[in-house]
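What follows is a short report on a single structure.
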Amino acid sequence: MKRSDRNSAGGPRIPAGATNEANCPTGASAAEFIPHTASLAVLREAVSNCRGCPIYCNATQGVFGEGPKDATVMFVGEQPGDQEDRAGKPFVGPAGKMLNDGMEQAGIPRDEVYVTNAVKHFKWEPRGARRLHSKPSAREVGACRPWLETEIRLVKPVLIVCLGATAAQSLLGAAFRITKQRGQMITDTPWAPAVTATYHPSALLRIPDEAGREKAFGEFVDDLKKVAKAMKTLVKGHGKPAQSKGHADVTSEVHPSLFGDDARPTPRGRHA
Ligand code: URA
Ligand code: SF4
């Protein structure tokens, strides 16, 4: 690393052991770095070369989504964490374990769903020798969204589950509030026949008191049970057209009866 990358008196605060983002060439967004392909494997390779925002600068590699290309349900987290950055796979660290626990209690086989993140590189700041998660800005989330849009276009999930506010706000708009709107099935979005949101597993891990953590985990599992129910109904009652060209055919099959009382339209124009 060059000396000029280091923090100096009056300069920007540079994480120890990290590169000054100001020295990292960055494009306008991820869009110009996404290959024109329908292959998730090719996209997975390409994500590490993205320079759509400065986060790549201090990350080990890009972390693309993982799961079956024909998955009915897609889970979207925030961004890779320390362990995901090293492994190159989403949700393999402590948050991943919490997600697995919730899925198991709700009866969702993780290997049947597609799991990805709103942002594909790990943003961090140093805390001693550790790399602490740093929240991506709305601008960075927007810059990275073309990757998520590409995954959604190829996987064509019938239901998208946003884990936490970053994913929810990327797909449902900045006004979305997890605390007020978690568990609702939102059927009027451009992304999929239904989108829902619940807590981010890391948010559960951060709740200090055990009683509070258990209550929130119970709510998390309740939300995931709705997802499990929707998955079963789709497989049993309707199935997903293998050659689905878009959402329209799927929408007419699943909307609105599948999701019960919580299904409700949202005002048009609210979605980012
Ligand atoms: N948190 C996320 O949002 N995604 C991961 O992949 C890991 C932790
Ligand atoms: Fe590209 Fe997203 Fe990585 Fe930024 S975080 S460099 S937009 S892949």
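Identifiers for the structure tokens are assigned positionally: chains receive A, B, ... in sequence, residues are indexed from 1 per chain, and ligands are indexed from 1 in the order shown.
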Which residues sit within 6 Å of ligand 2, counting only C-alpha atoms and all ligand atoms, listed as number ranges by chain?
A: 29-30, 47, 50-56, 119-121, 143-144
Can you pull out every residue with an atom within 12 Å of ligand 1? Use only C-alpha atoms and all ligand atoms and format it as a PyMOL selection string.
chain A and resi 62-66+75-100+114-123+132-136+162-168+199-205
Rounded to one decimal place, report the atom CA of Phe220 of chain A-atom CA of Gly142 of chain A distance in Å.
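Atom-to-atom, atom CA of Phe220 of chain A to atom CA of Gly142 of chain A, that is 26.2 Å.
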Students should find that atom CA of Leu172 of chain A and atom CA of Leu159 of chain A are spaced 13.5 Å
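Our summary of the geometry notes that atom CA of Gln184 of chain A is positioned 12.6 Å from atom CA of Ala230 of chain A.
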May I have the residues within 8 Å of Val73 of chain A as an NGL selection string, using only C-alpha atoms and disregarding those fewer than 5 positions away in the same chain?
:A and (113-114 or 157-161 or 231)
In terms of only C-alpha atoms, the residue from A:Ser39, A:Thr60, A:Asn20, A:Thr26 at minimal distance from Glu140 of chain A is A:Thr26
Could you pull out the alpha helix (DSSP H) residues of segment 143-210 of chain A from DSSP and send them as a ChimeraX atom specification?
/A:143-155,165-172,178-181,201-206,210
Using only C-alpha atoms, the residue out of A:Ala138, A:Pro146, A:Asp111, A:Glu104 with shortest distance to Leu43 of chain A is A:Pro146
